[in-house]
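Asker: Please see the structure below; I have some questions.
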Amino acid sequence: MVSKPDPKGTPRAASRRDFLKTGLMGGAAIAAGAGAAKAGGDPLITEIQDWNRYLGEGVDAAPYGTPSEFEAHVVRRNVPWLTADPVSSINFTPLHELDGIITPNGLCFERHHGGTAIINPADHRLMINGLVDTPLVFTMEDLKRFPRENRAYFLECAANGGMEWKGAQLNGCQFTHGMIHCVVYTGVPLRYLLEEAGVKTNGKWLLAEGADASAMTRSIPMEKALDDCLVAFKMNGEALRAEQGYPLRLCVPGWEGNMWVKWLRRLEVGDQPWHQREETSKYTDLLAEGKARRHTWVMDVKSVITNPSPQAPVTHGKGPLVISGLAWSGGGTIKRVDVSIDGGRNWREARIDGPSLPKALHRFYLDINWDGSDLLLQSRAIDDQGLVQPSKDQLRAARGGNSIYHNNGIQTWHVNTDGVVENVEVS
Amino acid sequence: MLKFPKSAAIAALALAVCASPALAEGDADAGKKVFNKCKACHTVGDGAKHRVGPHLNDVFGRTAGTAEGYKYSKAMIAAGEGGLVWDDATMAEYLANPKAMIKGTKMAFAGLKEDADVANVSAYLKSFAAEPAEEPAAAEDAAVETEDAEVETAAATTEDTAEPGAAEMTFEASKGAFGLGRVATVEEITAWDIDIRPDGAGLPVGKGTVADGEPIFTDYCAVCHGDFGEGAGRWPVLAGGHDTLTKERPEKTIGSYWPYLSTVFDYVRRTMPFGDARSLSDDDVYALTAYLLYLNDVVEDEDFELSNENFTSIRLPNEENFFDDNRMSEPHYAQGVEPCMSDCKPGPVEITARAQVLDVTPEGEGDENAGGGID
């Protein structure tokens, strides 16, 4: 497929790190299989196994269940050099270990600006003040008496992929694309709460504020607040996780994750934006000429192949290969995903499987018969507004080299003949 | 009008009735409620650990600044070395006005206004001594015995026996369509609504000079931000960076990048010092903001005084260089063409860059700083 293999051969670090993984998983399976053939059958079948003979644990061994011990490696991971201290930092969702469109609660990436606030829901209050007829205070009990909605939404940090802006840097889609998750939220439409307080006619903006030690604040235009925002208290059916804003968070569907204020305690209505720290010094997009875009709220049309990827190499050799990935757009649904195996020279349409919901993750597959040669895998999403995911070079041409946020460029993975995968950029 | 929340009102009443016989000495059960004000920072009881403040087990009789493993302010350590031991008198003085008694204490708490609250919370803390001075078992029994009675008599006695507090405050009901929630009081809005806008809306009355700000910055800020705002480690750089926005490694500081001074005041007041938010006075924040202007060469006089009067006259150099989102005008979006499906590149595709060259992915040895970041 790829005419010219890398002249330097397989990089040293990749081969060592990935060989270990391959050796532990694929290698062990092959060895067992070979031994079994000599004995006339796979001992896992011909011999009675412990789990087949002895009783397992009864119910209530784990009143709140945990993943199988064999999945212990499926965890969020941090990139220590990125930030000064874990209390104001980020970790990453292990996208390469997941399938479907819903992220398990314990694997949703975390981003805090002042650590995880621990709040007893009985002590939590939500205030609405500013340009309203009546400033109000709600308890959690009050909020649960409003009509509720259930909606699946992705939440993506605007900085997702920010470390890749200048070039390929991190080897794994967990790190290049893992500042995203998608869960089903249960909550109250924000407009019900605003209507309860009565927004004055000059109330054009909303300031959302968190109760944590960073007292996170963002300005949101009233049009969006009254459209599809939710004040959520459940994720995937259970209470929000502490690190996701328990007991209450704001959902701002399709817009950058920083606006989804966690530990939501206050909503102030005003007639102009507040220009808070996270919408001036941060979350603004510095362009080549030194000027910066602000209020870049919508998350762009984007996709990534999650398998194979650097942390999930191909261990089974040539033959049937499932290429799988995620696509999303803050504008709505994903209309189509194209996949290339030759670095973007030729494309074919992938198969979207599972629900196609607006502002939610979409799962796509391309099932190929791998001939064992080098692959340069890419995916390209197209949303229901017709917007096409751009290449990294197109983004750099438009914005220069100093942007951080809103990197939705097409990702390339190089799969070598051994199935080892590396993050690369291509011509 | 509504009482709110009902269950809390009953519980508070139960406490109040228990408290009345022993009020003069301080009542541990009433003190437990007062301690709610302290719980954001302090823990007490089984498994208590240091949090923002030290754990308070055995605090009575302890020399100030000596709980093992807690990082005290210099002022508190000095007080202990000077012979301060926590007893009824010293604790009462401290809790009434912490910063007046120990200037430089890390404790941000403003103080307890009611003598009864001081006595009660002291009694509560004494109940977590290694050798309790009173008989906690008897007190517990009493609480259990009286529980039922209080619930039965709640309606009759609520109004005249309860201690003041949220549980006993009365609020106006919402008049909205659902009638849910209740009207926020002026005091509540004042307590939480501290945001500042570029037009000066929200600025509190106050003032501070560059010279006032310098020692505050040195004491509270320099540990992370450096003595001159140059930043320590990966903590934010606050000053410098002029003319770097078009360079390869732009330095986005208050002086080089931030559009509005109001953002500095707002953010410092709501978040700083990091880990002890809301502990600075408004004058302190004015002084720090003035000092940050000085570090960024926006003002050059050490006697410059920033106040709510002259605040909006100060403009930051980069204000004009921000504009609203226009991504849809970028060529890759604006063209709106159907994407190419075959022979889209002239020849075979080649690899031009590889992540392994940098090798900064965690799990390897390469945890050194790399280019790029999340800002």
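Residues are referred to by chain and number: the chain letter is A, B, ... according to the order shown in the structure tokens, the number counts from 1 in that chain, and ligands are numbered separately from 1 in the order shown.
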I'd like the contact shell of Leu240 of chain A - 12 Å cut-off, only C-alpha atoms, skipping same-chain residues fewer than 2 positions apart - returned as an mmCIF file with N, CA, C and O atoms, in the first residue's frame.
Answerer:
```
data_model
loop_
_atom_site.group_PDB
_atom_site.id
_atom_site.type_symbol
_atom_site.label_atom_id
_atom_site.label_comp_id
_atom_site.auth_asym_id
_atom_site.auth_seq_id
_atom_site.Cartn_x
_atom_site.Cartn_y
_atom_site.Cartn_z
ATOM 1 N N PRO A 104 -17.748 4.672 29.864
ATOM 2 C CA PRO A 104 -18.055 4.307 31.259
ATOM 3 C C PRO A 104 -17.669 5.452 32.202
ATOM 4 O O PRO A 104 -16.676 6.149 31.977
ATOM 5 N N ASN A 105 -18.458 5.650 33.246
ATOM 6 C CA ASN A 105 -18.264 6.832 34.104
ATOM 7 C C ASN A 105 -16.853 6.936 34.672
ATOM 8 O O ASN A 105 -16.298 8.017 34.766
ATOM 9 N N GLY A 106 -16.289 5.788 35.071
ATOM 10 C CA GLY A 106 -14.978 5.827 35.703
ATOM 11 C C GLY A 106 -13.836 6.091 34.735
ATOM 12 O O GLY A 106 -12.697 6.277 35.161
ATOM 13 N N CYS A 108 -14.197 8.472 32.140
ATOM 14 C CA CYS A 108 -14.354 9.801 31.542
ATOM 15 C C CYS A 108 -13.188 10.684 31.988
ATOM 16 O O CYS A 108 -12.935 10.820 33.185
ATOM 17 N N ILE A 118 -15.510 18.251 46.929
ATOM 18 C CA ILE A 118 -16.342 17.218 47.554
ATOM 19 C C ILE A 118 -17.503 17.923 48.246
ATOM 20 O O ILE A 118 -17.304 18.652 49.221
ATOM 21 N N ILE A 119 -18.703 17.731 47.717
ATOM 22 C CA ILE A 119 -19.860 18.486 48.201
ATOM 23 C C ILE A 119 -20.999 17.534 48.559
ATOM 24 O O ILE A 119 -21.444 16.747 47.723
ATOM 25 N N PRO A 121 -24.615 16.722 48.756
ATOM 26 C CA PRO A 121 -25.729 17.327 47.996
ATOM 27 C C PRO A 121 -26.691 18.100 48.898
ATOM 28 O O PRO A 121 -27.312 19.064 48.441
ATOM 29 N N VAL A 183 -21.552 10.496 27.473
ATOM 30 C CA VAL A 183 -22.427 9.783 28.406
ATOM 31 C C VAL A 183 -23.858 10.274 28.217
ATOM 32 O O VAL A 183 -24.105 11.300 27.586
ATOM 33 N N VAL A 184 -24.792 9.516 28.800
ATOM 34 C CA VAL A 184 -26.196 9.943 28.800
ATOM 35 C C VAL A 184 -26.440 10.760 30.076
ATOM 36 O O VAL A 184 -26.244 10.261 31.186
ATOM 37 N N TYR A 185 -26.812 12.004 29.897
ATOM 38 C CA TYR A 185 -27.087 12.874 31.048
ATOM 39 C C TYR A 185 -28.573 12.874 31.365
ATOM 40 O O TYR A 185 -29.408 12.851 30.463
ATOM 41 N N THR A 186 -28.876 12.921 32.637
ATOM 42 C CA THR A 186 -30.237 13.187 33.092
ATOM 43 C C THR A 186 -30.211 14.533 33.797
ATOM 44 O O THR A 186 -29.379 14.744 34.687
ATOM 45 N N GLY A 187 -31.092 15.403 33.384
ATOM 46 C CA GLY A 187 -31.101 16.713 34.023
ATOM 47 C C GLY A 187 -32.308 17.525 33.626
ATOM 48 O O GLY A 187 -33.209 17.058 32.921
ATOM 49 N N VAL A 231 -29.098 21.199 33.068
ATOM 50 C CA VAL A 231 -28.482 21.178 34.393
ATOM 51 C C VAL A 231 -28.619 19.736 34.873
ATOM 52 O O VAL A 231 -29.717 19.272 35.182
ATOM 53 N N ALA A 232 -27.485 19.010 34.861
ATOM 54 C CA ALA A 232 -27.538 17.543 34.986
ATOM 55 C C ALA A 232 -27.079 17.084 36.358
ATOM 56 O O ALA A 232 -26.167 17.655 36.941
ATOM 57 N N PHE A 233 -27.737 16.026 36.843
ATOM 58 C CA PHE A 233 -27.314 15.426 38.103
ATOM 59 C C PHE A 233 -27.021 13.931 37.964
ATOM 60 O O PHE A 233 -26.579 13.302 38.912
ATOM 61 N N LYS A 234 -27.271 13.375 36.788
ATOM 62 C CA LYS A 234 -26.961 11.957 36.582
ATOM 63 C C LYS A 234 -26.163 11.796 35.291
ATOM 64 O O LYS A 234 -26.345 12.550 34.329
ATOM 65 N N MET A 235 -25.286 10.803 35.271
ATOM 66 C CA MET A 235 -24.574 10.419 34.054
ATOM 67 C C MET A 235 -24.658 8.904 33.916
ATOM 68 O O MET A 235 -24.414 8.173 34.890
ATOM 69 N N ASN A 236 -25.067 8.455 32.743
ATOM 70 C CA ASN A 236 -25.254 7.022 32.521
ATOM 71 C C ASN A 236 -26.103 6.391 33.624
ATOM 72 O O ASN A 236 -25.857 5.272 34.072
ATOM 73 N N GLY A 237 -27.089 7.131 34.082
ATOM 74 C CA GLY A 237 -28.067 6.589 35.013
ATOM 75 C C GLY A 237 -27.747 6.743 36.479
ATOM 76 O O GLY A 237 -28.637 6.678 37.322
ATOM 77 N N GLU A 238 -26.489 6.947 36.823
ATOM 78 C CA GLU A 238 -26.138 7.098 38.239
ATOM 79 C C GLU A 238 -25.705 8.536 38.500
ATOM 80 O O GLU A 238 -25.475 9.302 37.559
ATOM 81 N N ALA A 242 -17.813 12.428 41.394
ATOM 82 C CA ALA A 242 -17.309 13.640 42.058
ATOM 83 C C ALA A 242 -16.462 14.460 41.099
ATOM 84 O O ALA A 242 -16.598 15.685 41.020
ATOM 85 N N GLU A 243 -15.602 13.753 40.344
ATOM 86 C CA GLU A 243 -14.682 14.466 39.451
ATOM 87 C C GLU A 243 -15.398 15.034 38.229
ATOM 88 O O GLU A 243 -14.796 15.773 37.450
ATOM 89 N N GLN A 244 -16.660 14.676 38.048
ATOM 90 C CA GLN A 244 -17.435 15.236 36.936
ATOM 91 C C GLN A 244 -18.449 16.260 37.433
ATOM 92 O O GLN A 244 -19.367 16.634 36.705
ATOM 93 N N GLY A 245 -18.303 16.705 38.676
ATOM 94 C CA GLY A 245 -19.115 17.829 39.126
ATOM 95 C C GLY A 245 -20.207 17.519 40.135
ATOM 96 O O GLY A 245 -21.063 18.369 40.371
ATOM 97 N N TYR A 246 -20.184 16.324 40.722
ATOM 98 C CA TYR A 246 -21.196 15.958 41.703
ATOM 99 C C TYR A 246 -21.391 17.075 42.726
ATOM 100 O O TYR A 246 -20.400 17.575 43.261
ATOM 101 N N PRO A 247 -22.585 17.492 43.013
ATOM 102 C CA PRO A 247 -23.837 16.848 42.588
ATOM 103 C C PRO A 247 -24.496 17.459 41.348
ATOM 104 O O PRO A 247 -25.536 16.989 40.927
ATOM 105 N N LEU A 248 -23.897 18.496 40.737
ATOM 106 C CA LEU A 248 -24.612 19.189 39.669
ATOM 107 C C LEU A 248 -23.627 19.787 38.669
ATOM 108 O O LEU A 248 -22.670 20.454 39.070
ATOM 109 N N ARG A 249 -23.884 19.573 37.385
ATOM 110 C CA ARG A 249 -23.041 20.212 36.381
ATOM 111 C C ARG A 249 -23.906 20.770 35.248
ATOM 112 O O ARG A 249 -25.043 20.347 35.048
ATOM 113 N N LEU A 250 -23.312 21.678 34.514
ATOM 114 C CA LEU A 250 -23.972 22.235 33.348
ATOM 115 C C LEU A 250 -23.565 21.428 32.117
ATOM 116 O O LEU A 250 -22.406 21.048 31.984
ATOM 117 N N LYS A 262 -18.676 22.454 36.236
ATOM 118 C CA LYS A 262 -18.934 21.406 37.225
ATOM 119 C C LYS A 262 -19.239 22.033 38.579
ATOM 120 O O LYS A 262 -18.916 23.191 38.818
ATOM 121 N N TRP A 263 -19.835 21.264 39.453
ATOM 122 C CA TRP A 263 -20.205 21.746 40.799
ATOM 123 C C TRP A 263 -20.985 23.060 40.679
ATOM 124 O O TRP A 263 -20.792 23.994 41.447
#
```
Asker: Which residues come within 8 Å of Met127 of chain A, counting only C-alpha atoms, excluding same-chain residues fewer than 5 positions away, as a list in words?
Answerer: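 My list of contacting residues is Pro135, Leu136, Val137, Phe138, Arg265, Arg266 and Leu267 of chain A; Ala184 of chain B.
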Asker: Can I get the selection written as a short mmCIF file (atom, residue, chain, number, x, y, z; two decimals), in the first residue's frame, with N, CA and C atoms?
Answerer:
```
data_model
loop_
_atom_site.label_atom_id
_atom_site.label_comp_id
_atom_site.auth_asym_id
_atom_site.auth_seq_id
_atom_site.Cartn_x
_atom_site.Cartn_y
_atom_site.Cartn_z
N PRO A 135 -34.52 36.75 41.83
CA PRO A 135 -33.35 35.89 42.06
C PRO A 135 -33.76 34.69 42.92
N LEU A 136 -33.32 33.51 42.53
CA LEU A 136 -33.79 32.29 43.19
C LEU A 136 -32.63 31.44 43.70
N VAL A 137 -32.94 30.63 44.69
CA VAL A 137 -32.01 29.61 45.19
C VAL A 137 -32.74 28.27 45.14
N PHE A 138 -32.04 27.27 44.58
CA PHE A 138 -32.61 25.93 44.52
C PHE A 138 -31.76 24.97 45.34
N ARG A 265 -22.99 26.17 40.85
CA ARG A 265 -23.65 26.76 42.01
C ARG A 265 -24.36 28.08 41.68
N ARG A 266 -24.03 28.69 40.53
CA ARG A 266 -24.64 30.00 40.28
C ARG A 266 -24.76 30.27 38.80
N LEU A 267 -25.85 30.91 38.43
CA LEU A 267 -26.11 31.35 37.05
C LEU A 267 -26.51 32.81 37.14
N ALA B 184 -33.71 34.39 46.59
CA ALA B 184 -32.37 34.60 47.16
C ALA B 184 -32.37 35.91 47.94
#
```
Asker: For chain A, work out the contacting residues on chain B at 7 Å, counting only C-alpha atoms, and write them as a VMD selection string.
Answerer: chain B and resid 174 176 to 178 180 to 184 197 233 to 235 245 to 246 257 to 259 263 267 270 to 271 275 277 321 to 325 330 332 to 333 336 341 to 345 348 to 356 358 360 to 362 367 to 369 372 to 375
Asker: Which one of A:Ser373, A:Asn150, A:Ser303, A:Gln378 sits closest to Thr417 of chain A if you count only C-alpha atoms?
Answerer: A:Ser373
Asker: Using only C-alpha atoms, which residues sit within 9 Å of Gly317 of chain A once same-chain residues fewer than 6 positions away are excluded, as a count of residues only?
Answerer: 6
Asker: Do a neighbour search on Gly45 of chain B at 10 Å with only C-alpha atoms, toss out local chain neighbours closer than 2 positions, and write the hits as a PyMOL selection string.
Answerer: chain B and resi 43+47-49+55-58+125+127-129
Asker: Residues of the last selection are to be written out with N, CA, C and O atoms, as a compact mmCIF listing (two decimals), in the first residue's frame.
Answerer:
```txt
# COMPACT_ATOMS: atom_id res chain seq x y z
N THR B 43 -10.99 18.72 59.77
CA THR B 43 -11.71 17.51 60.13
C THR B 43 -11.43 17.21 61.60
O THR B 43 -10.42 17.64 62.16
N GLY B 47 -10.39 9.05 62.19
CA GLY B 47 -9.85 9.14 60.84
C GLY B 47 -9.63 10.57 60.36
O GLY B 47 -9.40 10.79 59.17
N ALA B 48 -9.71 11.54 61.25
CA ALA B 48 -9.50 12.93 60.83
C ALA B 48 -8.11 13.11 60.28
O ALA B 48 -7.14 12.58 60.82
N LYS B 49 -8.03 13.86 59.17
CA LYS B 49 -6.74 14.11 58.53
C LYS B 49 -6.58 15.61 58.29
O LYS B 49 -7.55 16.33 58.29
N HIS B 55 -6.03 18.76 61.27
CA HIS B 55 -7.10 18.06 61.99
C HIS B 55 -7.15 18.61 63.41
O HIS B 55 -6.16 19.14 63.92
N LEU B 56 -8.29 18.49 64.05
CA LEU B 56 -8.48 19.17 65.34
C LEU B 56 -8.67 18.20 66.51
O LEU B 56 -9.13 18.61 67.58
N ASN B 57 -8.32 16.93 66.31
CA ASN B 57 -8.35 16.01 67.46
C ASN B 57 -7.31 16.49 68.49
O ASN B 57 -6.20 16.87 68.12
N ASP B 58 -7.69 16.48 69.74
CA ASP B 58 -6.77 16.85 70.84
C ASP B 58 -6.23 18.26 70.71
O ASP B 58 -5.13 18.55 71.18
N LEU B 125 -15.22 20.46 70.14
CA LEU B 125 -13.84 20.02 69.86
C LEU B 125 -13.26 19.26 71.05
O LEU B 125 -12.52 18.29 70.88
N SER B 127 -14.75 17.29 72.88
CA SER B 127 -15.28 15.92 72.90
C SER B 127 -14.43 14.98 72.05
O SER B 127 -14.62 13.77 72.07
N PHE B 128 -13.47 15.53 71.31
CA PHE B 128 -12.55 14.68 70.53
C PHE B 128 -11.16 14.66 71.14
O PHE B 128 -10.16 14.47 70.46
N ALA B 129 -11.10 14.88 72.45
CA ALA B 129 -9.83 14.77 73.16
C ALA B 129 -9.56 13.32 73.47
O ALA B 129 -10.49 12.50 73.57
```
Asker: Could you pull out the alpha helix (DSSP H) residues of segment 42-291 of chain B, going by DSSP on the backbone, and write them as a count of residues only?
Answerer: 98
Asker: Kindly give the distance, in Å, that separates atom CA of Glu248 of chain B and atom CA of Pro310 of chain A, rounded to a single decimal.
Answerer: 28.5 Å
Asker: I want to know what sits within 10 Å of Gly200 of chain B, based on only C-alpha atoms, with residues of the same chain fewer than 5 positions away left out; could you give that as a list in words?
Answerer: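 The residues that qualify are Asp195, Leu261, Ser262, Asn308, Glu309, Asn310, Phe311, Thr312 and Ser313 of chain B.
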Asker: Do a neighbour search on Ala360 of chain A at 8 Å with only C-alpha atoms, toss out local chain neighbours closer than 6 positions, and write the hits as a list in words.
Answerer: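 Close residues of Ala360 of chain A: Ile101, Ala152, Tyr153, Phe154, Cys182, Trp328, Ser329, Gly332 and Thr333 of chain A.
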Asker: Let me make sure I understand: among B:Ala96, B:Val59, B:Ile194, B:Met101, which one has the smallest atom-to-atom distance to Lys126 of chain B if we use only C-alpha atoms?
Answerer: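 Using only C-alpha atoms, Lys126 of chain B sits closest to B:Val59.
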Asker: What are the DSSP strand (DSSP E) residues of segment 166-389 of chain A, as a PyMOL selection string?
Answerer: chain A and resi 180-189+205-210+217-221+230-235+238-239+249-251+264-270+285-286+292-294+302-307+319-328+334-340+348-349+351-353+362-370+375-383
Asker: Just the number, please: distance in Å from atom CA of Gly41 of chain A to atom CA of Tyr54 of chain A, one decimal.
Answerer: 22.8 Å
Asker: Would you kindly return, as a list in words, each protein, DNA or RNA residue with an atom no farther than 12 Å from any atom of Pro355 of chain A, considering only C-alpha atoms and excluding same-chain residues fewer than 2 positions away?
Answerer: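 So the residues in contact are Gly100, Ile101, Ile102, Ala152, Tyr153, Thr333, Ile334, Ile352, Asp353, Leu357, Pro358, Lys359, Ala360, Leu361, His362, Arg363 and Phe364 of chain A.
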Asker: Can I get the selected residues back with C-alpha atoms, as a compact mmCIF listing (two decimals), in the first residue's frame?
Answerer:
```txt
# COMPACT_ATOMS: atom_id res chain seq x y z
CA GLY A 100 -19.66 1.69 21.06
CA ILE A 101 -20.44 5.32 21.79
CA ILE A 102 -20.89 5.50 25.58
CA ALA A 152 -26.40 11.53 25.13
CA TYR A 153 -23.76 14.16 24.48
CA THR A 333 -24.88 14.35 13.72
CA ILE A 334 -22.20 12.71 11.59
CA ILE A 352 -21.50 3.85 11.17
CA ASP A 353 -22.96 1.43 13.68
CA LEU A 357 -27.47 11.21 17.89
CA PRO A 358 -26.79 14.94 17.55
CA LYS A 359 -23.72 16.17 19.43
CA ALA A 360 -22.89 12.61 20.52
CA LEU A 361 -20.07 10.26 19.58
CA HIS A 362 -20.60 8.05 16.53
CA ARG A 363 -18.89 4.66 16.15
CA PHE A 364 -17.60 3.66 12.73
```
Asker: Could you check the closest approach to Ser256 of chain B for each of B:Leu316, B:Leu295, B:Leu306, B:Val285 and tell me which residue wins, using only C-alpha atoms?
Answerer: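 Checking each of B:Leu316, B:Leu295, B:Leu306, B:Val285 against Ser256 of chain B, counting only C-alpha atoms, the winner is B:Leu316.
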Asker: Quick one, how far is atom CA of Asn120 of chain B from atom CA of Asp27 of chain B?
Answerer: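 The value is 4.6 Å.
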